[in-house]
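One file, final.cif, is given below (mmCIF, C-alpha atoms and all ligand atoms).
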data_upload
#
loop_
_atom_site.group_PDB
_atom_site.id
_atom_site.type_symbol
_atom_site.label_atom_id
_atom_site.label_comp_id
_atom_site.auth_asym_id
_atom_site.auth_seq_id
_atom_site.Cartn_x
_atom_site.Cartn_y
_atom_site.Cartn_z
ATOM 1 C CA MET G 284 135.214 183.296 162.825
ATOM 2 C CA PRO G 285 132.999 183.007 159.707
ATOM 3 C CA LEU G 286 130.000 183.370 161.983
ATOM 4 C CA LEU G 287 131.365 186.630 163.385
ATOM 5 C CA ARG G 288 132.156 187.966 159.932
ATOM 6 C CA GLN G 289 128.656 187.149 158.738
ATOM 7 C CA SER G 290 127.084 188.919 161.693
ATOM 8 C CA LEU G 291 129.128 192.041 160.937
ATOM 9 C CA LYS G 292 127.795 192.553 157.425
ATOM 10 C CA PRO G 293 124.799 194.757 158.307
ATOM 11 C CA TRP G 294 127.157 197.133 160.155
ATOM 12 C CA ARG G 295 129.453 197.711 157.245
ATOM 13 C CA ARG G 296 127.615 200.675 155.703
ATOM 14 C CA SER G 297 127.367 202.745 158.869
ATOM 15 C CA CYS G 298 130.901 201.751 159.742
ATOM 16 C CA ASN G 299 132.224 203.103 156.461
ATOM 17 C CA LEU G 300 130.653 206.436 157.296
ATOM 18 C CA ILE G 301 132.366 206.453 160.685
ATOM 19 C CA LEU G 302 135.626 205.434 159.051
ATOM 20 C CA LEU G 303 135.354 208.370 156.682
ATOM 21 C CA LYS G 304 134.799 210.680 159.647
ATOM 22 C CA HIS G 305 137.789 209.221 161.494
ATOM 23 C CA ARG G 306 140.022 208.578 158.517
ATOM 24 C CA HIS G 307 143.045 209.962 160.375
ATOM 25 C CA CYS G 308 142.658 207.519 163.199
ATOM 26 C CA LEU G 309 145.386 204.931 162.961
ATOM 27 C CA HIS G 310 143.690 202.780 165.577
ATOM 28 C CA ILE G 311 140.680 202.217 163.346
ATOM 29 C CA ARG G 312 142.784 201.909 160.213
ATOM 30 C CA ARG G 313 144.900 199.261 161.849
ATOM 31 C CA ALA G 314 141.817 197.436 163.046
ATOM 32 C CA SER G 315 140.237 197.521 159.594
ATOM 33 C CA ARG G 316 143.099 195.465 158.215
ATOM 34 C CA LEU G 317 142.318 192.577 160.555
ATOM 35 C CA SER G 318 139.422 190.608 159.158
ATOM 36 C CA CYS G 319 138.374 189.217 162.540
ATOM 37 C CA HIS G 320 138.501 192.621 164.271
ATOM 38 C CA CYS G 321 136.421 194.656 161.945
ATOM 39 C CA PRO G 322 136.009 198.271 163.130
ATOM 40 C CA CYS G 323 132.232 197.794 162.866
ATOM 41 C CA TYR G 324 132.604 195.329 165.692
ATOM 42 C CA LEU G 325 134.808 197.634 167.763
ATOM 43 C CA LEU G 326 132.477 200.572 167.314
ATOM 44 C CA SER G 327 129.201 198.691 167.782
ATOM 45 C CA ARG G 328 130.458 197.352 171.116
ATOM 46 C CA HIS G 329 130.636 200.904 172.409
ATOM 47 C CA SER G 330 127.611 202.339 170.667
ATOM 48 C CA HIS G 331 125.608 202.583 173.923
ATOM 49 C CA MET G 332 128.004 205.225 175.275
ATOM 50 C CA ALA G 333 127.757 208.980 174.785
ATOM 51 C CA ASP G 334 131.038 208.842 172.873
ATOM 52 C CA VAL G 335 131.374 206.091 170.227
ATOM 53 C CA VAL G 336 134.249 204.609 172.208
ATOM 54 C CA SER G 337 135.229 204.435 175.856
ATOM 55 C CA SER G 338 137.568 207.089 177.261
ATOM 56 C CA GLU G 339 140.485 204.608 177.370
ATOM 57 C CA VAL G 340 139.995 203.679 173.709
ATOM 58 C CA ARG G 341 139.489 207.356 172.816
ATOM 59 C CA SER G 342 142.752 208.199 174.540
ATOM 60 C CA ARG G 343 144.605 205.484 172.617
ATOM 61 C CA MET G 344 142.987 206.694 169.399
ATOM 62 C CA MET G 345 144.003 210.303 170.048
ATOM 63 C CA ALA G 346 147.535 209.238 170.931
ATOM 64 C CA GLY G 347 147.729 207.352 167.625
ATOM 65 C CA ILE G 348 146.905 210.385 165.522
ATOM 66 C CA ARG G 349 149.931 211.830 163.802
ATOM 67 C CA ASN G 350 149.864 215.011 161.854
ATOM 68 C CA ARG G 351 152.956 214.323 159.829
ATOM 69 C CA ASN G 352 152.769 213.549 156.115
ATOM 70 C CA THR G 353 149.124 214.543 155.822
ATOM 71 C CA LYS G 354 147.746 215.037 152.309
ATOM 72 C CA PRO G 355 147.781 218.875 152.381
ATOM 73 C CA GLU G 356 151.290 218.821 153.812
ATOM 74 C CA LEU G 357 152.487 216.543 151.004
ATOM 75 C CA LEU G 358 150.884 218.877 148.479
ATOM 76 C CA LEU G 359 152.619 221.887 150.034
ATOM 77 C CA ARG G 360 155.964 220.072 149.876
ATOM 78 C CA ARG G 361 155.457 219.116 146.248
ATOM 79 C CA LEU G 362 154.515 222.647 145.218
ATOM 80 C CA LEU G 363 157.458 224.224 147.064
ATOM 81 C CA HIS G 364 159.759 221.704 145.410
ATOM 82 C CA LYS G 365 158.264 222.626 142.047
ATOM 83 C CA LYS G 366 159.013 226.297 142.823
ATOM 84 C CA GLY G 367 162.662 225.336 143.230
ATOM 85 C CA PHE G 368 162.914 225.146 147.025
ATOM 86 C CA ARG G 369 165.065 222.315 148.324
ATOM 87 C CA TYR G 370 164.621 220.987 151.845
ATOM 88 C CA ARG G 371 165.346 218.210 154.295
ATOM 89 C CA LEU G 372 162.511 216.467 156.111
ATOM 90 C CA HIS G 373 162.146 216.030 159.909
ATOM 91 C CA SER G 374 165.835 216.732 160.419
ATOM 92 C CA GLY G 375 167.075 215.245 163.697
ATOM 93 C CA SER G 376 170.028 217.636 163.905
ATOM 94 C CA VAL G 377 167.855 220.769 164.121
ATOM 95 C CA PRO G 378 166.088 221.667 167.429
ATOM 96 C CA GLY G 379 162.443 220.571 167.487
ATOM 97 C CA HIS G 380 162.818 218.280 164.421
ATOM 98 C CA PRO G 381 161.040 220.693 162.053
ATOM 99 C CA ASP G 382 158.865 219.212 159.304
ATOM 100 C CA MET G 383 160.962 220.928 156.637
ATOM 101 C CA VAL G 384 164.437 222.460 156.815
ATOM 102 C CA PHE G 385 165.622 224.855 154.092
ATOM 103 C CA PRO G 386 169.409 225.086 154.610
ATOM 104 C CA LYS G 387 169.941 227.541 151.740
ATOM 105 C CA HIS G 388 167.415 229.962 153.251
ATOM 106 C CA GLY G 389 168.449 229.398 156.862
ATOM 107 C CA ALA G 390 164.829 228.558 157.583
ATOM 108 C CA VAL G 391 162.660 225.824 159.042
ATOM 109 C CA LEU G 392 158.961 225.122 158.580
ATOM 110 C CA PHE G 393 156.593 223.543 161.064
ATOM 111 C CA ALA G 394 153.197 222.269 159.881
ATOM 112 C CA HIS G 395 151.332 222.438 163.201
ATOM 113 C CA GLY G 396 148.172 220.470 163.932
ATOM 114 C CA CYS G 397 145.671 222.941 165.401
ATOM 115 C CA PHE G 398 144.428 220.478 168.012
ATOM 116 C CA TRP G 399 147.810 219.372 169.320
ATOM 117 C CA HIS G 400 149.192 222.894 169.558
ATOM 118 C CA GLY G 401 146.013 224.553 170.863
ATOM 119 C CA HIS G 402 145.506 226.981 167.990
ATOM 120 C CA HIS G 403 142.821 229.664 168.446
ATOM 121 C CA CYS G 404 140.733 228.509 165.458
ATOM 122 C CA HIS G 405 137.654 226.474 164.565
ATOM 123 C CA LEU G 406 139.657 223.218 164.398
ATOM 124 C CA PHE G 407 140.486 223.392 168.086
ATOM 125 C CA ARG G 408 138.029 222.516 170.823
ATOM 126 C CA TRP G 409 138.860 221.277 174.296
ATOM 127 C CA PRO G 410 137.838 217.607 174.616
ATOM 128 C CA THR G 411 134.966 217.197 177.052
ATOM 129 C CA THR G 412 136.310 213.972 178.551
ATOM 130 C CA ARG G 413 139.520 213.826 180.606
ATOM 131 C CA SER G 414 139.807 217.589 180.357
ATOM 132 C CA GLU G 415 142.622 217.817 182.942
ATOM 133 C CA PHE G 416 144.717 215.329 180.942
ATOM 134 C CA TRP G 417 144.254 217.259 177.697
ATOM 135 C CA LYS G 418 144.876 220.637 179.336
ATOM 136 C CA GLU G 419 148.178 219.370 180.646
ATOM 137 C CA LYS G 420 149.158 217.666 177.384
ATOM 138 C CA ILE G 421 148.342 220.579 175.094
ATOM 139 C CA GLY G 422 149.825 223.041 177.598
ATOM 140 C CA ARG G 423 153.044 221.028 177.518
ATOM 141 C CA ASN G 424 153.087 221.079 173.705
ATOM 142 C CA ARG G 425 152.641 224.846 173.655
ATOM 143 C CA ALA G 426 155.385 225.378 176.222
ATOM 144 C CA ARG G 427 157.713 223.162 174.164
ATOM 145 C CA ASP G 428 156.915 225.211 171.027
ATOM 146 C CA VAL G 429 158.090 228.375 172.805
ATOM 147 C CA ILE G 430 161.325 226.705 173.966
ATOM 148 C CA VAL G 431 162.031 225.226 170.506
ATOM 149 C CA ARG G 432 161.443 228.593 168.817
ATOM 150 C CA ARG G 433 163.877 230.201 171.264
ATOM 151 C CA GLN G 434 166.503 227.500 170.608
ATOM 152 C CA LEU G 435 166.109 227.858 166.842
ATOM 153 C CA LYS G 436 166.427 231.633 167.019
ATOM 154 C CA LYS G 437 169.579 231.263 169.119
ATOM 155 C CA SER G 438 171.064 228.905 166.501
ATOM 156 C CA GLY G 439 170.300 231.388 163.745
ATOM 157 C CA TRP G 440 167.317 229.641 162.151
ATOM 158 C CA ARG G 441 164.278 231.529 160.878
ATOM 159 C CA VAL G 442 160.962 229.865 161.740
ATOM 160 C CA LEU G 443 157.790 229.583 159.667
ATOM 161 C CA THR G 444 154.692 227.958 161.181
ATOM 162 C CA VAL G 445 151.948 226.803 158.837
ATOM 163 C CA TRP G 446 148.794 225.953 160.790
ATOM 164 C CA GLU G 447 146.604 223.048 159.775
ATOM 165 C CA CYS G 448 143.601 225.417 159.355
ATOM 166 C CA ALA G 449 145.456 227.123 156.471
ATOM 167 C CA LEU G 450 145.696 223.766 154.715
ATOM 168 C CA LYS G 451 142.331 222.177 155.358
ATOM 169 C CA GLY G 452 138.804 222.849 156.559
ATOM 170 C CA ARG G 453 136.468 225.731 155.822
ATOM 171 C CA ALA G 454 139.054 228.422 156.711
ATOM 172 C CA ARG G 455 141.749 227.095 154.396
ATOM 173 C CA ILE G 456 143.459 229.407 151.975
ATOM 174 C CA SER G 457 143.930 228.554 148.313
ATOM 175 C CA THR G 458 146.947 226.397 147.504
ATOM 176 C CA ASN G 459 148.291 229.072 145.172
ATOM 177 C CA ASP G 460 148.074 231.693 147.865
ATOM 178 C CA LEU G 461 149.645 229.422 150.441
ATOM 179 C CA VAL G 462 152.628 228.552 148.259
ATOM 180 C CA LYS G 463 153.082 232.216 147.319
ATOM 181 C CA ARG G 464 153.109 233.263 150.972
ATOM 182 C CA CYS G 465 155.537 230.490 151.950
ATOM 183 C CA ALA G 466 157.846 231.344 149.033
ATOM 184 C CA SER G 467 157.779 235.059 149.792
ATOM 185 C CA TRP G 468 158.629 234.452 153.469
ATOM 186 C CA LEU G 469 161.416 231.984 152.588
ATOM 187 C CA ARG G 470 163.026 234.530 150.246
ATOM 188 C CA SER G 471 162.750 237.274 152.858
ATOM 189 C CA THR G 472 164.951 237.861 155.912
ATOM 190 C CA ARG G 473 162.071 237.823 158.404
ATOM 191 C CA ALA G 474 162.888 235.789 161.518
ATOM 192 C CA ILE G 475 159.377 234.576 162.342
ATOM 193 C CA GLY G 476 156.436 233.822 160.055
ATOM 194 C CA GLU G 477 153.006 232.383 160.641
ATOM 195 C CA ILE G 478 150.364 231.314 158.139
ATOM 196 C CA GLU G 479 146.928 230.417 159.448
ATOM 197 C CA GLY G 480 143.441 229.928 158.021
ATOM 198 C CA LYS G 481 141.131 232.776 157.073
ATOM 199 C CA THR G 482 139.110 234.463 159.825
ATOM 200 C CA LEU G 483 135.598 233.026 159.740
HETATM 201 ZN ZN ZN V 1 144.169 226.489 163.295
#
Show me the file's structure as structure tokens.
Ligand SMILES: [Zn+2]
Amino acid sequence: MPLLRQSLKPWRRSCNLILLKHRHCLHIRRASRLSCHCPCYLLSRHSHMADVVSSEVRSRMMAGIRNRNTKPELLLRRLLHKKGFRYRLHSGSVPGHPDMVFPKHGAVLFAHGCFWHGHHCHLFRWPTTRSEFWKEKIGRNRARDVIVRRQLKKSGWRVLTVWECALKGRARISTNDLVKRCASWLRSTRAIGEIEGKTL
């Protein structure tokens, strides 16, 4: 193994750049913890392909991405808590397991990833490989969102959706603004609310 490790050294710099780009990818993160399976090695093996990884690996990588507990989401939680809002996280007893449940306000909040829920914004682009698979998967997610919203409404919950593009990327809105808008909706009696990134 020392021989392998030694031969990996020249790759480390470019690999770090790729890691930065794919910092949400659990597959790479997991791999980086194993000294004998350095991500430089994984990526360099596939560097002759149009994509950095094969479609099977890409699929596993995409499946490993979770949008829960992301940095902006944690910040939003902290700021709402600071404003005095109390909530439960990922409650299993509420339809759709919302990211935040505000019992006092009869409201739930979903922090939706723009890719996974097919949002009409700059963060969403149809993958060019396995397009049928992704169309079906994202279509299923969107259909489930509609059903969950209907179930929540029936059970008397109000629903706020905060899109990922409002939290990060070039269309994001300021944290102050975001918290203000969330707080104002939570205190209102509006049944449905949606906060998305600025129009570019
Ligand atoms: Zn979006």
For this session: Name the residues that the PyMOL selection byres (((not hetatm)) within 7 of (chain V and resi 1)) picks from the file above, as an MDAnalysis selection string, using the file's chain letters and numbers.
Result: chainID G and resid 397 402:407 446:449 479:480
Based on the selection just made, write C-alpha atoms of those residues as a tab-separated table (two decimals), in the coordinates of the input.
chain	number	residue	atom	x	y	z
G	397	CYS	CA	145.67	222.94	165.40
G	402	HIS	CA	145.51	226.98	167.99
G	403	HIS	CA	142.82	229.66	168.45
G	404	CYS	CA	140.73	228.51	165.46
G	405	HIS	CA	137.65	226.47	164.56
G	406	LEU	CA	139.66	223.22	164.40
G	407	PHE	CA	140.49	223.39	168.09
G	446	TRP	CA	148.79	225.95	160.79
G	447	GLU	CA	146.60	223.05	159.78
G	448	CYS	CA	143.60	225.42	159.35
G	449	ALA	CA	145.46	227.12	156.47
G	479	GLU	CA	146.93	230.42	159.45
G	480	GLY	CA	143.44	229.93	158.02
Exercise. Can you tell me, as a count of residues only, what residues are no more than 10 Å from stretch 362-377 of chain G when counting all atoms listed in the file, ignoring any on the same chain fewer than 4 positions away?
Worked result: 30
For this session: Record the distance separating atom CA of G:Ala426 and atom CA of G:His400, expressed in Å with one decimal.
Result: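 For atom CA of G:Ala426 relative to atom CA of G:His400, the distance reads 9.4 Å.
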Exercise. What is the distance between atom CA of G:Lys451 and atom CA of G:Pro355, in Å to one decimal?
Worked result: 7.0 Å
Problem set entry | G:Arg473, G:Arg360, G:Lys481, G:His395 ranked by distance to G:Arg441, top pick (using all atoms listed in the file) | G:Arg473
Exercise. Written as a ChimeraX atom specification, what is the full residue list that the PyMOL selection byres (((chain G and resi 421) around 10) and not hetatm) yields on the file shown?
Worked result: /G:398-402,409,416-420,422-427
Problem set entry | Atom-to-atom span, atom CA of G:Thr482 and atom CA of G:Ala454, Å | 6.8 Å
For this session: Name the closest residue to G:Lys354 among the candidates G:Gly439, G:Gly476, G:Ile430, G:Ala394; distances are taken between atoms, counting all atoms listed in the file.
Result: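 Smallest separation from G:Lys354 among the options: G:Ala394.
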Centre, edges in Å (one decimal): axis-aligned box, stretch 433-445 of chain G, 8 Å padding on all six sides, as lines of an AutoDock Vina configuration file:
center_x = 161.5
center_y = 229.2
center_z = 165.1
size_x = 35.1
size_y = 20.8
size_z = 28.4
